[in-house]
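Accompanying notes for the structure given below.
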Amino acid sequence: MPGSSRMPISLRESFDSVKKRSRTIDPRQVFNIDILRNIVFFFFVLRIVRRTFWKLKGRGLFGTIAELYHDVRRVLYGYFLRAPGVRTQVRKQITESLAKVQAKMIPADGTRYTTLPKEGWTDDALRAELDALANMDHTRWEDGYVSGAVYHGEEDLLKLQTEAYGKFTVANPIHPDVFPGVRKMEAEVVAMVLSMFHAPPTAAGVCTSGGTESILMACYGARQKAYAERGVTEPEMILPETAHTAFRKAGDYFKIKIHLVPCPAPTYQVDVHRVSRLINSNTIILVGSAPNFPHGIMDDISALSKLALKRRLPLHVDCCLGSFLVPFLDRAGFETEPFDFRLKGVTSISCDTHKYGFAPKGSSTVLYRTQELRTYQYFVSPDWSGGVYASPGIAGSRPGALIAGCWTSMMKVGEAGYIDSCVKIVGCAKKIAEHVTSSPTLGTELEILGRPLVSVVAFTARNLNIYDIADGMNQKGWHLNALQNPPAMHVAVTMPITKVWERLVADLEAVVEEEREKERVRAVEGKSLKGKATGDTAALYGVAGSLPNKAVVVDLATGFIDLMYKA
Ligand SMILES: *Cc1c(COP(=O)(O)O)cnc(C)c1O
């Protein structure tokens, strides 16, 4: 067995040689390790220095200190909330608030169906039940009591949409050979919206399930592009504070760091100079709104476009809300500002067909300046056992019926119809704004935020608590939107609202008058309690919203979503 006697010797030899080497230090090896260590350390330091530099450049010294201060406060308050005694108290209050919400939202009486019926229902029984469901006690959007939400809602259009839907209930654009009509309609919807936004011949787009998906796709595409072209692995984007929260969702989903830029009074447009300061080599996209959801203000898209061109960055313009109003402002005879592909720096636009396009809910578009930009949002899986798979966006199967509903709405309303609704809706928003500014009561107590050019009018209160006013409006049956940072509320004018705006303004006047009277009484009693929570809105935004750490609000909102799934 010669082999077995040689093995241990050779092993021992190599063991000895290692021991020897580690005793007599090899200078070459040490040199190599040191260099490696230095290089790693250098990059580590470089990273910190670079980040610190970007931070200081982006926020300035005082801004950086202020941010640090807020972070510390948030963390400390978080510890406080989790302290033993406090934690149970907070839990108890959250549970109580949610119980109140539940009592309001979920009727305790009536039959609940939580398992399949043993036998299927008859058509008549189902029709009766569906009627009952549609007529459950609700805020009357049909009578114009709701801000946003239902943008058209006229009987004849609804009927036509339902017919279109009925013809394509099973259709799915993922099978263009099976449903060629749906493919054609989808392509035409995109083409029509592209033309509304003055897209160049190179442009392209896709249909999505809503504004959020359109925005998610634009951000995702920008991230993929930055990685493919510049190797960006730690993507960042710069948002106006007022940009729709779907961008923050994109940041969360796709691991893109978010920089928020203030939109200060008096214009409430994003501060473009500060956007510029926050750009660094990790920036993947800039964003502007036309207009934004909170205040209905259009950012200075021209300035953002110039900046995007100069820094060679994509610029997304969020027209989800502006949708079919902004493109027609000039032809409806209203003041407008440049916002679309005519500005050379604009690379993508999101436009919701299901808002002022009056399509059924679940439909939006995202448009790109070039076909190549669109490709970045595609998903292709060439080697899946289920076959080669390719889809334009997040969804796999998609409802062809909604595409049919969207196409039908656009063809039915037509350019003249959209211009006409722009005249009515924007005209109404201007009348509301005008009344709020010029009426003696509203004029002294309320203040409109910025100069809205489209359909949203946002206002804050000078001396009263705006959330008490919002609660007062709720009690009168209105469903308007409460806003925060700064405290305010808004109305997004829709077709149903154009018919009742005078009642809205009259009710607002009455509520402001009541609040003023209450404040007067409080002042006489020597306890002017501006900001004390009385109603739900006031409690949520006035009290919970002012805390340095929003954990309580997060818990409340999470509990709220849970409640929505309580059968
Ligand atoms: C509504 C809206 C969105 C998001 O749209 P969804 O369809 O609700 O997902 C995005 N941006 C603005 C400005 C909006 O008003």
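Residue numbers start at 1 in each chain; chains themselves are named A, B, ... in the order of the structure tokens; ligands are numbered from 1 in the order shown.
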
- Give the residue list for ligand 1 at 8 Å, counting only C-alpha atoms and all ligand atoms, as a list in words, sorted by chain and then by residue number.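 Listing the residues within 8 Å of ligand 1 gives Ser209, Gly210, Gly211, Thr212, Glu213, Ser214, Ile215, Ala243, His244, Thr245, Ala246, Ser289, Ala290, Pro291, Asn292, Phe293, Pro294, Asp318, Cys319, Cys320, Leu321, Gly322, Ser350, Asp352, His354, Lys355, Gly362, Ser363 and Ser364 of chain A.
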
Write the residues of the selection above to a file with N, CA, C and O atoms, as a compact mmCIF listing (two decimals), in the first residue's frame.
# COMPACT_ATOMS: atom_id res chain seq x y z
N SER A 209 -54.02 49.90 -15.19
CA SER A 209 -55.22 49.73 -14.38
C SER A 209 -55.61 51.00 -13.63
O SER A 209 -56.65 51.04 -12.98
N GLY A 210 -54.75 52.03 -13.69
CA GLY A 210 -55.07 53.25 -12.96
C GLY A 210 -53.84 54.13 -12.84
O GLY A 210 -52.73 53.73 -13.23
N GLY A 211 -54.03 55.32 -12.29
CA GLY A 211 -52.93 56.27 -12.18
C GLY A 211 -51.76 55.71 -11.41
O GLY A 211 -50.59 55.92 -11.78
N THR A 212 -52.05 54.99 -10.33
CA THR A 212 -50.96 54.45 -9.52
C THR A 212 -50.09 53.52 -10.35
O THR A 212 -48.86 53.63 -10.33
N GLU A 213 -50.71 52.63 -11.13
CA GLU A 213 -49.89 51.72 -11.94
C GLU A 213 -49.12 52.49 -13.00
O GLU A 213 -47.95 52.18 -13.28
N SER A 214 -49.73 53.51 -13.59
CA SER A 214 -49.02 54.32 -14.59
C SER A 214 -47.76 54.92 -13.98
O SER A 214 -46.68 54.91 -14.58
N ILE A 215 -47.91 55.45 -12.77
CA ILE A 215 -46.77 56.09 -12.10
C ILE A 215 -45.72 55.04 -11.70
O ILE A 215 -44.52 55.24 -11.89
N ALA A 243 -46.47 65.92 -4.88
CA ALA A 243 -46.68 64.90 -5.92
C ALA A 243 -47.49 63.75 -5.33
O ALA A 243 -47.40 63.47 -4.13
N HIS A 244 -48.26 63.07 -6.16
CA HIS A 244 -49.12 62.01 -5.67
C HIS A 244 -48.30 60.95 -4.93
O HIS A 244 -47.17 60.64 -5.30
N THR A 245 -48.91 60.39 -3.91
CA THR A 245 -48.19 59.45 -3.06
C THR A 245 -47.86 58.15 -3.79
O THR A 245 -47.04 57.35 -3.32
N ALA A 246 -48.43 57.94 -4.98
CA ALA A 246 -48.06 56.76 -5.78
C ALA A 246 -46.56 56.75 -6.07
O ALA A 246 -45.96 55.69 -6.22
N SER A 289 -46.08 67.81 -11.37
CA SER A 289 -47.50 67.49 -11.49
C SER A 289 -48.22 68.56 -12.31
O SER A 289 -47.90 69.75 -12.19
N ALA A 290 -49.20 68.12 -13.10
CA ALA A 290 -49.97 69.07 -13.91
C ALA A 290 -51.44 68.68 -13.93
O ALA A 290 -51.89 68.12 -14.91
N PRO A 291 -52.18 69.00 -12.89
CA PRO A 291 -51.79 69.60 -11.62
C PRO A 291 -51.64 68.52 -10.55
O PRO A 291 -51.92 67.36 -10.82
N ASN A 292 -51.22 68.94 -9.34
CA ASN A 292 -51.12 67.97 -8.24
C ASN A 292 -52.48 67.74 -7.59
O ASN A 292 -53.41 68.53 -7.76
N PHE A 293 -52.58 66.64 -6.84
CA PHE A 293 -53.85 66.30 -6.20
C PHE A 293 -54.19 67.25 -5.04
O PHE A 293 -55.32 67.74 -4.98
N PRO A 294 -53.24 67.51 -4.11
CA PRO A 294 -53.66 68.27 -2.93
C PRO A 294 -54.21 69.66 -3.26
O PRO A 294 -55.30 70.00 -2.82
N ASP A 318 -46.97 64.20 -14.10
CA ASP A 318 -48.16 63.49 -13.64
C ASP A 318 -49.41 64.27 -14.02
O ASP A 318 -49.75 65.28 -13.40
N CYS A 319 -50.08 63.80 -15.07
CA CYS A 319 -51.34 64.40 -15.52
C CYS A 319 -52.50 63.47 -15.21
O CYS A 319 -53.53 63.49 -15.90
N CYS A 320 -52.33 62.62 -14.19
CA CYS A 320 -53.39 61.68 -13.85
C CYS A 320 -54.69 62.41 -13.59
O CYS A 320 -55.74 62.03 -14.06
N LEU A 321 -54.59 63.50 -12.82
CA LEU A 321 -55.78 64.27 -12.48
C LEU A 321 -56.12 65.23 -13.61
O LEU A 321 -57.28 65.37 -14.00
N GLY A 322 -55.12 65.88 -14.14
CA GLY A 322 -55.34 66.83 -15.24
C GLY A 322 -55.97 66.14 -16.43
O GLY A 322 -56.76 66.74 -17.17
N SER A 350 -48.24 60.54 -17.24
CA SER A 350 -49.33 59.63 -16.86
C SER A 350 -50.64 60.39 -17.00
O SER A 350 -50.75 61.53 -16.56
N ASP A 352 -54.88 59.73 -16.61
CA ASP A 352 -55.95 58.80 -16.23
C ASP A 352 -57.17 58.96 -17.12
O ASP A 352 -57.83 59.99 -17.09
N HIS A 354 -59.70 57.18 -16.50
CA HIS A 354 -60.84 57.00 -15.59
C HIS A 354 -61.12 58.19 -14.68
O HIS A 354 -61.96 58.13 -13.81
N LYS A 355 -60.40 59.31 -14.89
CA LYS A 355 -60.79 60.53 -14.17
C LYS A 355 -61.59 61.39 -15.15
O LYS A 355 -62.70 61.03 -15.48
N GLY A 362 -60.64 51.88 -13.39
CA GLY A 362 -59.68 50.82 -13.62
C GLY A 362 -58.95 51.02 -14.93
O GLY A 362 -58.56 50.06 -15.59
N SER A 363 -58.76 52.29 -15.32
CA SER A 363 -58.17 52.54 -16.64
C SER A 363 -57.37 53.85 -16.64
O SER A 363 -57.82 54.89 -16.16
N SER A 364 -56.14 53.74 -17.13
CA SER A 364 -55.24 54.90 -17.20
C SER A 364 -54.23 54.64 -18.30
O SER A 364 -54.21 53.55 -18.88

- Message: Going by DSSP on the backbone, which residues of region 88-135 of chain A come out as alpha helix (DSSP H)? List them as JSON, numbers by chain.
- Response: {"A": [88, 89, 90, 91, 92, 93, 94, 95, 96, 97, 98, 99, 100, 101, 102, 103, 104, 105, 123, 124, 125, 126, 127, 128, 129, 130, 131, 132, 133, 134]}

- Would you list the contacts of region 73-87 of chain A as a ChimeraX atom specification, taking every protein, DNA or RNA residue within 8 Å and counting only C-alpha atoms, but skipping same-chain residues closer than 2 positions in sequence? /A:69-71,89-91,548-549,551

Could you tell me, as a PDB file with C-alpha atoms, in the first residue's frame, which residues of region 95-225 of chain A DSSP assigns to strand (DSSP E) when given the backbone?
ATOM      1  CA  ALA A 204     -45.457  55.256 -27.442  1.00  0.00           C
ATOM      2  CA  GLY A 205     -47.568  54.281 -24.461  1.00  0.00           C
ATOM      3  CA  VAL A 206     -49.528  51.586 -22.676  1.00  0.00           C
ATOM      4  CA  CYS A 207     -52.868  51.219 -20.909  1.00  0.00           C
ATOM      5  CA  THR A 208     -52.772  50.439 -17.183  1.00  0.00           C
TER       6      THR A 208
END

- Item | All residues 7 Å or closer to region 94-111 of chain A, only C-alpha atoms, same chain fewer than 4 positions away omitted, as a ChimeraX atom specification | /A:90,556,559-560,563

- Rank A:Leu367, A:Leu216, A:Ile279, A:Val170 by their smallest atom-to-atom distance to Val193 (chain A), using only C-alpha atoms, and report the top residue only. A:Leu367

- Message: Can you tell me which residues surround Leu449 (chain A) at a distance of at most 7 Å, considering only C-alpha atoms, apart from same-chain residues fewer than 2 positions away, and format the answer as a ChimeraX atom specification?
- Response: /A:295,447,451,458-459

Write out as a compact mmCIF listing (two decimals) with C-alpha atoms, in the first residue's frame each polymer residue whose atoms come within 8 Å of Leu157 (chain A), counting only C-alpha atoms; drop sequence neighbours fewer than 3 positions from it.
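Output contents, as saved in part_30.txt:
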# COMPACT_ATOMS: atom_id res chain seq x y z
CA GLY A 153 -71.89 59.65 -13.88
CA GLU A 154 -74.57 60.65 -16.43
CA LEU A 160 -73.29 52.75 -23.14
CA GLN A 161 -70.29 51.77 -21.02
CA SER A 409 -66.31 56.64 -23.53
CA LYS A 412 -68.77 58.90 -27.37

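In this comparison, which uses only C-alpha atoms, the residue of A:Asn172, A:Thr353, A:Gln484, A:Thr494 approaching Gly427 (chain A) most closely is A:Thr494.
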
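Considering only C-alpha atoms, the residue among A:Asp507, A:Glu163, A:Glu515, A:Asp562 positioned nearest to Pro360 (chain A) is A:Glu163.
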
- Message: For a test of reading the model, state the distance in Å between CA of Glu445 (chain A) and CA of Leu483 (chain A), rounded to one decimal.
- Response: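 About the pair CA of Glu445 (chain A) and CA of Leu483 (chain A): they are 17.2 Å apart.
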
- Query: Separation of CA of Ala303 (chain A) and CA of Ile65 (chain A), in Å?
  - Reply: 28.5 Å

- Best match for closeness to Leu464 (chain A) among A:Val511, A:Val366, A:Leu540, A:Ile403, counting only C-alpha atoms: A:Val511

- Task: Might you pull out every residue within 12 Å of Cys428 (chain A), with only C-alpha atoms counted and same-chain residues fewer than 4 positions away left off, and present them as JSON, numbers by chain?
- Result: {"A": [421, 422, 423, 424, 432, 433, 434, 435, 453, 454, 455, 456, 457, 491, 492, 493, 494, 495, 496, 497, 498, 499, 500, 501, 502, 504, 505]}

- Item | Residue nearest Ala488 (chain A) - candidates A:Gly60, A:Gly400, A:Pro382, A:Gly542, atoms counted: only C-alpha atoms |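 Ranked by minimum distance to Ala488 (chain A), first place goes to A:Gly542.
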
- Query: From the set A:Leu116, A:Ile425, A:Met192, A:Leu547, which residue has the shortest atom-to-atom contact distance to Met411 (chain A), counting only C-alpha atoms?
  - Reply: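 Counting only C-alpha atoms, the residue closest to Met411 (chain A) is A:Met192.
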